[in-house]
>>> print(open('structure-v3.pdb').read())   # PDB, C-alpha atoms, pLDDT in the B column
ATOM      1  CA  MET A 161     122.817 118.369  26.354  1.00 46.00           C
ATOM      2  CA  ARG A 162     125.569 115.742  26.494  1.00 51.00           C
ATOM      3  CA  VAL A 163     127.221 115.029  23.153  1.00 54.00           C
ATOM      4  CA  SER A 164     126.442 111.607  21.684  1.00 56.00           C
ATOM      5  CA  ILE A 165     128.808 111.344  18.722  1.00 57.00           C
ATOM      6  CA  GLY A 166     127.689 107.799  17.932  1.00 56.00           C
ATOM      7  CA  LEU A 167     124.080 108.917  17.664  1.00 49.00           C
ATOM      8  CA  ILE A 168     124.971 111.885  15.477  1.00 52.00           C
ATOM      9  CA  ALA A 169     126.997 109.805  13.090  1.00 54.00           C
ATOM     10  CA  ALA A 170     124.504 106.950  12.963  1.00 51.00           C
ATOM     11  CA  LEU A 171     121.706 109.312  12.038  1.00 42.00           C
ATOM     12  CA  LEU A 172     123.849 111.214   9.567  1.00 46.00           C
ATOM     13  CA  LEU A 173     125.213 108.184   7.771  1.00 47.00           C
ATOM     14  CA  THR A 174     121.835 106.472   7.546  1.00 40.00           C
ATOM     15  CA  GLY A 175     120.290 109.627   6.148  1.00 39.00           C
ATOM     16  CA  THR A 176     117.677 110.013   8.888  1.00 32.00           C
ATOM     17  CA  ALA A 177     119.291 112.753  10.955  1.00 35.00           C
ATOM     18  CA  LEU A 178     117.615 115.656   9.253  1.00 30.00           C
ATOM     19  CA  ALA A 179     114.285 113.897   8.863  1.00 31.00           C
ATOM     20  CA  ALA A 180     113.324 112.977  12.420  1.00 32.00           C
ATOM     21  CA  PRO A 181     115.647 113.311  15.426  1.00 33.00           C
ATOM     22  CA  ALA A 182     114.658 111.210  18.432  1.00 36.00           C
ATOM     23  CA  ARG A 183     114.496 114.180  20.836  1.00 39.00           C
ATOM     24  CA  GLN A 184     115.387 117.832  20.594  1.00 41.00           C
ATOM     25  CA  ASP A 185     118.490 117.261  22.774  1.00 44.00           C
ATOM     26  CA  ASP A 186     119.772 114.695  20.283  1.00 51.00           C
ATOM     27  CA  ASP A 187     119.334 117.015  17.298  1.00 68.00           C
ATOM     28  CA  ILE A 188     122.926 118.208  17.241  1.00 76.00           C
ATOM     29  CA  VAL A 189     123.399 117.447  13.555  1.00 88.00           C
ATOM     30  CA  GLN A 190     122.895 121.204  13.129  1.00 91.00           C
ATOM     31  CA  TYR A 191     126.374 121.724  14.620  1.00 95.00           C
ATOM     32  CA  ILE A 192     128.268 119.662  12.005  1.00 96.00           C
ATOM     33  CA  ILE A 193     130.474 121.935   9.876  1.00 97.00           C
ATOM     34  CA  ASN A 194     132.239 119.394   7.646  1.00 97.00           C
ATOM     35  CA  ASN A 195     131.256 116.601   5.262  1.00 94.00           C
ATOM     36  CA  PRO A 196     131.859 113.482   7.454  1.00 95.00           C
ATOM     37  CA  PRO A 197     131.716 110.486   5.052  1.00 95.00           C
ATOM     38  CA  VAL A 198     134.845 108.533   4.175  1.00 96.00           C
ATOM     39  CA  THR A 199     134.689 109.809   0.584  1.00 96.00           C
ATOM     40  CA  SER A 200     135.757 113.249   1.893  1.00 97.00           C
ATOM     41  CA  TRP A 201     139.251 112.104   2.940  1.00 98.00           C
ATOM     42  CA  GLN A 202     142.241 113.486   1.024  1.00 98.00           C
ATOM     43  CA  VAL A 203     145.580 111.907   1.927  1.00 98.00           C
ATOM     44  CA  ASN A 204     148.910 113.724   1.590  1.00 97.00           C
ATOM     45  CA  GLY A 205     152.238 111.916   1.370  1.00 96.00           C
ATOM     46  CA  VAL A 206     151.041 108.914  -0.672  1.00 96.00           C
ATOM     47  CA  GLU A 207     151.460 108.151  -4.370  1.00 94.00           C
ATOM     48  CA  THR A 208     147.840 107.114  -4.924  1.00 94.00           C
ATOM     49  CA  GLN A 209     144.760 108.329  -3.055  1.00 96.00           C
ATOM     50  CA  PRO A 210     143.205 105.445  -1.101  1.00 97.00           C
ATOM     51  CA  ARG A 211     139.703 104.497  -2.178  1.00 96.00           C
ATOM     52  CA  PRO A 212     136.942 103.820   0.331  1.00 97.00           C
ATOM     53  CA  ARG A 213     136.321 100.120   0.853  1.00 96.00           C
ATOM     54  CA  ARG A 214     134.101  97.924   2.999  1.00 97.00           C
ATOM     55  CA  ALA A 215     135.191  97.880   6.636  1.00 96.00           C
ATOM     56  CA  GLU A 216     133.286  95.901   9.252  1.00 94.00           C
ATOM     57  CA  GLY A 217     132.947  97.355  12.708  1.00 93.00           C
ATOM     58  CA  VAL A 218     133.020 101.051  11.819  1.00 94.00           C
ATOM     59  CA  LEU A 219     129.971 103.228  11.501  1.00 89.00           C
ATOM     60  CA  GLY A 220     128.913 103.290   7.859  1.00 92.00           C
ATOM     61  CA  GLU A 221     131.048 100.189   7.185  1.00 95.00           C
ATOM     62  CA  ARG A 222     133.373 102.183   4.885  1.00 97.00           C
ATOM     63  CA  ALA A 223     136.993 103.222   5.490  1.00 98.00           C
ATOM     64  CA  ILE A 224     140.223 104.116   3.771  1.00 98.00           C
ATOM     65  CA  SER A 225     143.506 102.387   4.515  1.00 98.00           C
ATOM     66  CA  VAL A 226     146.757 104.378   4.667  1.00 98.00           C
ATOM     67  CA  ARG A 227     150.239 102.930   5.022  1.00 97.00           C
ATOM     68  CA  ALA A 228     152.657 105.365   6.649  1.00 98.00           C
ATOM     69  CA  SER A 229     156.346 105.344   7.530  1.00 97.00           C
ATOM     70  CA  ARG A 230     157.623 106.925  10.718  1.00 97.00           C
ATOM     71  CA  SER A 231     158.928 110.458  10.339  1.00 97.00           C
ATOM     72  CA  ASP A 232     160.168 113.124  12.726  1.00 97.00           C
ATOM     73  CA  GLN A 233     157.497 115.237  11.023  1.00 97.00           C
ATOM     74  CA  PRO A 234     154.337 113.131  11.556  1.00 97.00           C
ATOM     75  CA  TRP A 235     152.302 115.324   9.176  1.00 96.00           C
ATOM     76  CA  THR A 236     154.315 114.114   6.142  1.00 97.00           C
ATOM     77  CA  THR A 237     151.583 111.516   5.693  1.00 98.00           C
ATOM     78  CA  SER A 238     148.207 112.840   6.745  1.00 98.00           C
ATOM     79  CA  GLY A 239     144.499 112.441   6.189  1.00 98.00           C
ATOM     80  CA  GLN A 240     142.631 115.707   5.717  1.00 98.00           C
ATOM     81  CA  MET A 241     139.095 116.992   5.213  1.00 98.00           C
ATOM     82  CA  ASN A 242     137.894 120.510   4.469  1.00 97.00           C
ATOM     83  CA  ILE A 243     135.616 122.313   6.903  1.00 98.00           C
ATOM     84  CA  ARG A 244     132.894 124.272   5.134  1.00 96.00           C
ATOM     85  CA  GLY A 245     131.470 126.086   8.171  1.00 96.00           C
ATOM     86  CA  ALA A 246     132.688 129.310   9.733  1.00 98.00           C
ATOM     87  CA  ILE A 247     134.239 129.340  13.209  1.00 98.00           C
ATOM     88  CA  LYS A 248     133.991 132.501  15.327  1.00 98.00           C
ATOM     89  CA  THR A 249     136.074 133.720  18.255  1.00 97.00           C
ATOM     90  CA  GLY A 250     134.963 131.844  21.385  1.00 97.00           C
ATOM     91  CA  ASP A 251     133.276 128.965  19.510  1.00 97.00           C
ATOM     92  CA  THR A 252     133.826 125.501  21.005  1.00 97.00           C
ATOM     93  CA  VAL A 253     134.685 122.894  18.368  1.00 97.00           C
ATOM     94  CA  LEU A 254     134.912 119.113  18.627  1.00 97.00           C
ATOM     95  CA  LEU A 255     136.607 116.725  16.211  1.00 98.00           C
ATOM     96  CA  ALA A 256     135.752 113.003  16.310  1.00 97.00           C
ATOM     97  CA  VAL A 257     137.576 110.606  13.966  1.00 98.00           C
ATOM     98  CA  TRP A 258     136.933 106.856  13.693  1.00 97.00           C
ATOM     99  CA  ALA A 259     140.266 105.046  13.361  1.00 98.00           C
ATOM    100  CA  ARG A 260     141.917 101.694  13.886  1.00 98.00           C
ATOM    101  CA  LEU A 261     145.367 100.198  13.517  1.00 98.00           C
ATOM    102  CA  ALA A 262     145.246  97.680  10.652  1.00 97.00           C
ATOM    103  CA  THR A 263     148.965  96.797  10.762  1.00 97.00           C
ATOM    104  CA  PRO A 264     150.849  97.737  13.945  1.00 97.00           C
ATOM    105  CA  PRO A 265     154.489  98.792  14.150  1.00 97.00           C
ATOM    106  CA  SER A 266     156.897  95.912  14.673  1.00 96.00           C
ATOM    107  CA  GLY A 267     156.656  94.607  18.239  1.00 96.00           C
ATOM    108  CA  GLN A 268     153.728  96.859  19.212  1.00 97.00           C
ATOM    109  CA  THR A 269     149.953  96.550  19.402  1.00 97.00           C
ATOM    110  CA  THR A 270     149.095 100.273  19.441  1.00 97.00           C
ATOM    111  CA  SER A 271     150.114 103.547  17.793  1.00 97.00           C
ATOM    112  CA  THR A 272     149.530 107.196  18.585  1.00 97.00           C
ATOM    113  CA  LEU A 273     147.313 109.282  16.350  1.00 98.00           C
ATOM    114  CA  PRO A 274     147.490 113.100  16.517  1.00 98.00           C
ATOM    115  CA  VAL A 275     144.289 114.808  15.297  1.00 98.00           C
ATOM    116  CA  ARG A 276     143.592 118.524  14.803  1.00 98.00           C
ATOM    117  CA  VAL A 277     141.239 121.181  13.584  1.00 98.00           C
ATOM    118  CA  GLN A 278     143.529 123.751  11.988  1.00 98.00           C
ATOM    119  CA  GLU A 279     143.964 126.560   9.511  1.00 97.00           C
ATOM    120  CA  ALA A 280     143.826 125.235   5.944  1.00 96.00           C
ATOM    121  CA  ALA A 281     146.987 127.145   4.939  1.00 95.00           C
ATOM    122  CA  ALA A 282     150.351 127.980   6.500  1.00 94.00           C
ATOM    123  CA  PRO A 283     151.074 128.426   9.345  1.00 94.00           C
ATOM    124  CA  TYR A 284     148.360 125.740  10.015  1.00 95.00           C
ATOM    125  CA  GLY A 285     147.572 127.102  13.480  1.00 96.00           C
ATOM    126  CA  ALA A 286     145.571 124.679  15.631  1.00 97.00           C
ATOM    127  CA  ILE A 287     142.074 125.437  16.886  1.00 98.00           C
ATOM    128  CA  ALA A 288     141.764 122.021  18.569  1.00 98.00           C
ATOM    129  CA  GLU A 289     144.345 119.259  18.870  1.00 97.00           C
ATOM    130  CA  ALA A 290     144.938 116.065  20.811  1.00 98.00           C
ATOM    131  CA  THR A 291     146.575 112.672  20.479  1.00 98.00           C
ATOM    132  CA  GLY A 292     144.814 109.359  20.958  1.00 98.00           C
ATOM    133  CA  THR A 293     146.057 105.796  21.012  1.00 98.00           C
ATOM    134  CA  ILE A 294     144.617 103.341  18.503  1.00 98.00           C
ATOM    135  CA  GLY A 295     144.770  99.554  18.354  1.00 97.00           C
ATOM    136  CA  PRO A 296     143.132  96.805  16.288  1.00 97.00           C
ATOM    137  CA  ALA A 297     139.538  97.736  17.254  1.00 97.00           C
ATOM    138  CA  TRP A 298     137.678 100.736  15.856  1.00 97.00           C
ATOM    139  CA  LYS A 299     137.506 103.711  18.205  1.00 96.00           C
ATOM    140  CA  MET A 300     136.962 107.442  18.087  1.00 96.00           C
ATOM    141  CA  VAL A 301     139.845 109.840  18.584  1.00 98.00           C
ATOM    142  CA  TYR A 302     138.796 113.290  19.806  1.00 98.00           C
ATOM    143  CA  ALA A 303     140.150 116.831  19.927  1.00 98.00           C
ATOM    144  CA  SER A 304     138.340 119.907  21.215  1.00 97.00           C
ATOM    145  CA  GLY A 305     139.160 123.550  21.674  1.00 96.00           C
ATOM    146  CA  VAL A 306     137.914 127.119  21.717  1.00 96.00           C
ATOM    147  CA  ALA A 307     138.670 129.395  18.760  1.00 97.00           C
ATOM    148  CA  ARG A 308     140.854 132.397  19.560  1.00 96.00           C
ATOM    149  CA  ARG A 309     139.849 134.269  16.400  1.00 97.00           C
ATOM    150  CA  ASP A 310     137.357 134.192  13.524  1.00 98.00           C
ATOM    151  CA  TYR A 311     137.755 131.788  10.572  1.00 98.00           C
ATOM    152  CA  GLU A 312     135.694 132.081   7.409  1.00 97.00           C
ATOM    153  CA  GLY A 313     133.980 128.984   6.038  1.00 96.00           C
ATOM    154  CA  GLY A 314     136.465 126.981   3.981  1.00 97.00           C
ATOM    155  CA  SER A 315     139.530 128.469   5.702  1.00 98.00           C
ATOM    156  CA  THR A 316     139.975 125.536   8.121  1.00 98.00           C
ATOM    157  CA  GLY A 317     140.286 121.789   7.902  1.00 98.00           C
ATOM    158  CA  LEU A 318     140.825 118.704   9.983  1.00 98.00           C
ATOM    159  CA  ALA A 319     144.035 116.714   9.884  1.00 98.00           C
ATOM    160  CA  VAL A 320     145.117 113.306  11.146  1.00 98.00           C
ATOM    161  CA  HIS A 321     148.916 112.957  11.278  1.00 98.00           C
ATOM    162  CA  LEU A 322     149.753 109.400  10.284  1.00 98.00           C
ATOM    163  CA  ALA A 323     153.578 109.244  10.148  1.00 98.00           C
ATOM    164  CA  THR A 324     153.991 108.538  13.875  1.00 97.00           C
ATOM    165  CA  ALA A 325     155.163 104.961  13.164  1.00 98.00           C
ATOM    166  CA  ASP A 326     155.647 102.349  10.449  1.00 98.00           C
ATOM    167  CA  HIS A 327     152.036 101.169  10.394  1.00 98.00           C
ATOM    168  CA  THR A 328     148.801 101.003   8.421  1.00 98.00           C
ATOM    169  CA  VAL A 329     145.891 103.043   9.746  1.00 98.00           C
ATOM    170  CA  GLU A 330     142.270 102.782   8.679  1.00 98.00           C
ATOM    171  CA  LEU A 331     140.203 105.962   8.818  1.00 98.00           C
ATOM    172  CA  GLY A 332     136.416 105.944   8.953  1.00 98.00           C
ATOM    173  CA  PRO A 333     134.089 108.960   9.035  1.00 97.00           C
ATOM    174  CA  ALA A 334     135.171 112.166  10.782  1.00 97.00           C
ATOM    175  CA  LEU A 335     132.941 114.823  12.321  1.00 96.00           C
ATOM    176  CA  VAL A 336     133.695 118.431  13.196  1.00 98.00           C
ATOM    177  CA  LEU A 337     131.039 120.104  15.335  1.00 97.00           C
ATOM    178  CA  ASN A 338     130.834 123.775  16.260  1.00 97.00           C
ATOM    179  CA  PHE A 339     128.842 124.259  19.481  1.00 96.00           C
ATOM    180  CA  GLY A 340     129.170 128.046  19.423  1.00 96.00           C
ATOM    181  CA  GLN A 341     129.806 130.349  22.357  1.00 94.00           C
ATOM    182  CA  ASN A 342     129.949 129.460  26.063  1.00 90.00           C
ATOM    183  CA  TYR A 343     129.646 125.675  25.654  1.00 93.00           C
ATOM    184  CA  GLU A 344     130.672 123.578  28.685  1.00 88.00           C
ATOM    185  CA  ALA A 345     133.817 121.683  27.703  1.00 82.00           C
ATOM    186  CA  ALA A 346     133.113 119.084  30.429  1.00 84.00           C
ATOM    187  CA  LYS A 347     130.275 117.764  28.263  1.00 88.00           C
ATOM    188  CA  LEU A 348     132.651 116.842  25.430  1.00 94.00           C
ATOM    189  CA  PRO A 349     134.198 113.378  25.070  1.00 95.00           C
ATOM    190  CA  VAL A 350     137.944 112.955  25.567  1.00 94.00           C
ATOM    191  CA  ASN A 351     140.477 110.323  24.534  1.00 96.00           C
ATOM    192  CA  GLU A 352     140.816 107.382  26.876  1.00 88.00           C
ATOM    193  CA  ASP A 353     144.075 105.543  26.385  1.00 74.00           C
TER     194      ASP A 353
END
>>> encode(input="structure-v3.pdb", output="C-alpha cells")
Amino acid sequence: MRVSIGLIAALLLTGTALAAPARQDDDIVQYIINNPPVTSWQVNGVETQPRPRRAEGVLGERAISVRASRSDQPWTTSGQMNIRGAIKTGDTVLLAVWARLATPPSGQTTSTLPVRVQEAAAPYGAIAEATGTIGPAWKMVYASGVARRDYEGGSTGLAVHLATADHTVELGPALVLNFGQNYEAAKLPVNED
C-alpha cells in the first residue's frame, strides 16, 4: 500500500472517506490520529488567533494566515494541533501539512518550514521532524519517524515552526497518520525542495 495523502485528505474533507473508500488499499483513513481541518490550528506567538478563511488552491479551500518575524528560536511563532491517538514504541508516523508562502521575506521567493510530531509538553521531544521549502504555490510538507517509546492519546501534538523568516505563511489542513509496527518507510512521501 503506497500512501496517497491527497486521496486521504480529499475523502476526509468531503466527508466520504468513512462511507465508501474506492479500494481497500486506499482506506487508510483508519490511520489518522488527529483532527485535520483548518479549524484545529492553534497559533502561539500571535496576539489574535487567525480565523480560517477561503483559500483557493488548497484542499478544502480553507486556510489560516500567520505573519511571523524571524527569530533564532523558530518555535516562538508556531502552528499547533493536538493528536488524539496513542503512539506505541515502533509505530511509524507521518505528518503532512499543506502550506504556502503568502508574503515572502524581502528579496526571496521561498522560506523554510520546520514541521514535527512531538511531545505536547516539555521537553517537546520529537517523534518525527523535517524541514521543507515553501513558495507561493500550495504544497505538502512532510515529516516521518518511528516512535522510540509509548505515548498516550493526547500526550503528543504536531507543530509547524513559523519564525524562520519575516514572512506570512498560510496553513491548510494537516494530517498525522500512525501506520503501526514494521511499516516500510520507503513508501512514505518526502519533501522535495
>>> closest_residue(input="structure-v3.pdb", among="A:Arg230, A:Arg213, A:Arg244, A:Arg222", to="A:Ser315", atoms="all atoms listed in the file")
A:Arg244
>>> residues_around(input="structure-v3.pdb", residues="stretch 246-255 of chain A", least_positions_apart="4", cutoff="9 Å", atoms="only C-alpha atoms", output="number ranges by chain")
A: 193, 275-277, 287-289, 301-316, 318, 334-345, 348-349
>>> atom_distance(input="structure-v3.pdb", atom1="atom CA of A:Pro197", atom2="atom CA of A:Pro333")
4.9 Å
>>> closest_residue(input="structure-v3.pdb", among="A:Gly239, A:Leu322, A:Val226, A:Lys299", to="A:Leu273", atoms="all atoms listed in the file")
A:Leu322
>>> atom_distance(input="structure-v3.pdb", atom1="atom CA of A:Thr328", atom2="atom CA of A:Pro196")
21.1 Å
>>> residues_near_point(input="structure-v3.pdb", point="(158.9, 107.7, 15.8)", cutoff="9 Å", atoms="only C-alpha atoms", output="list of chain:residue names")
A:Ser229, A:Arg230, A:Ser231, A:Asp232, A:Pro234, A:Ala323, A:Thr324, A:Ala325, A:Asp326
>>> write_last_selection(input="structure-v3.pdb", atoms="C-alpha atoms", output="PDB file, in the frame of the given file")
ATOM      1  CA  SER A 229     156.346 105.344   7.530  1.00 97.00           C
ATOM      2  CA  ARG A 230     157.623 106.925  10.718  1.00 97.00           C
ATOM      3  CA  SER A 231     158.928 110.458  10.339  1.00 97.00           C
ATOM      4  CA  ASP A 232     160.168 113.124  12.726  1.00 97.00           C
ATOM      5  CA  PRO A 234     154.337 113.131  11.556  1.00 97.00           C
ATOM      6  CA  ALA A 323     153.578 109.244  10.148  1.00 98.00           C
ATOM      7  CA  THR A 324     153.991 108.538  13.875  1.00 97.00           C
ATOM      8  CA  ALA A 325     155.163 104.961  13.164  1.00 98.00           C
ATOM      9  CA  ASP A 326     155.647 102.349  10.449  1.00 98.00           C
TER      10      ASP A 326
END
>>> closest_residue(input="structure-v3.pdb", among="A:Val203, A:Val257, A:Val218, A:Val320", to="A:Pro296", atoms="all atoms listed in the file")
A:Val218
>>> closest_residue(input="structure-v3.pdb", among="A:Ala297, A:Asn195, A:Glu352, A:Ala262", to="A:Gly217", atoms="only C-alpha atoms")
A:Ala297
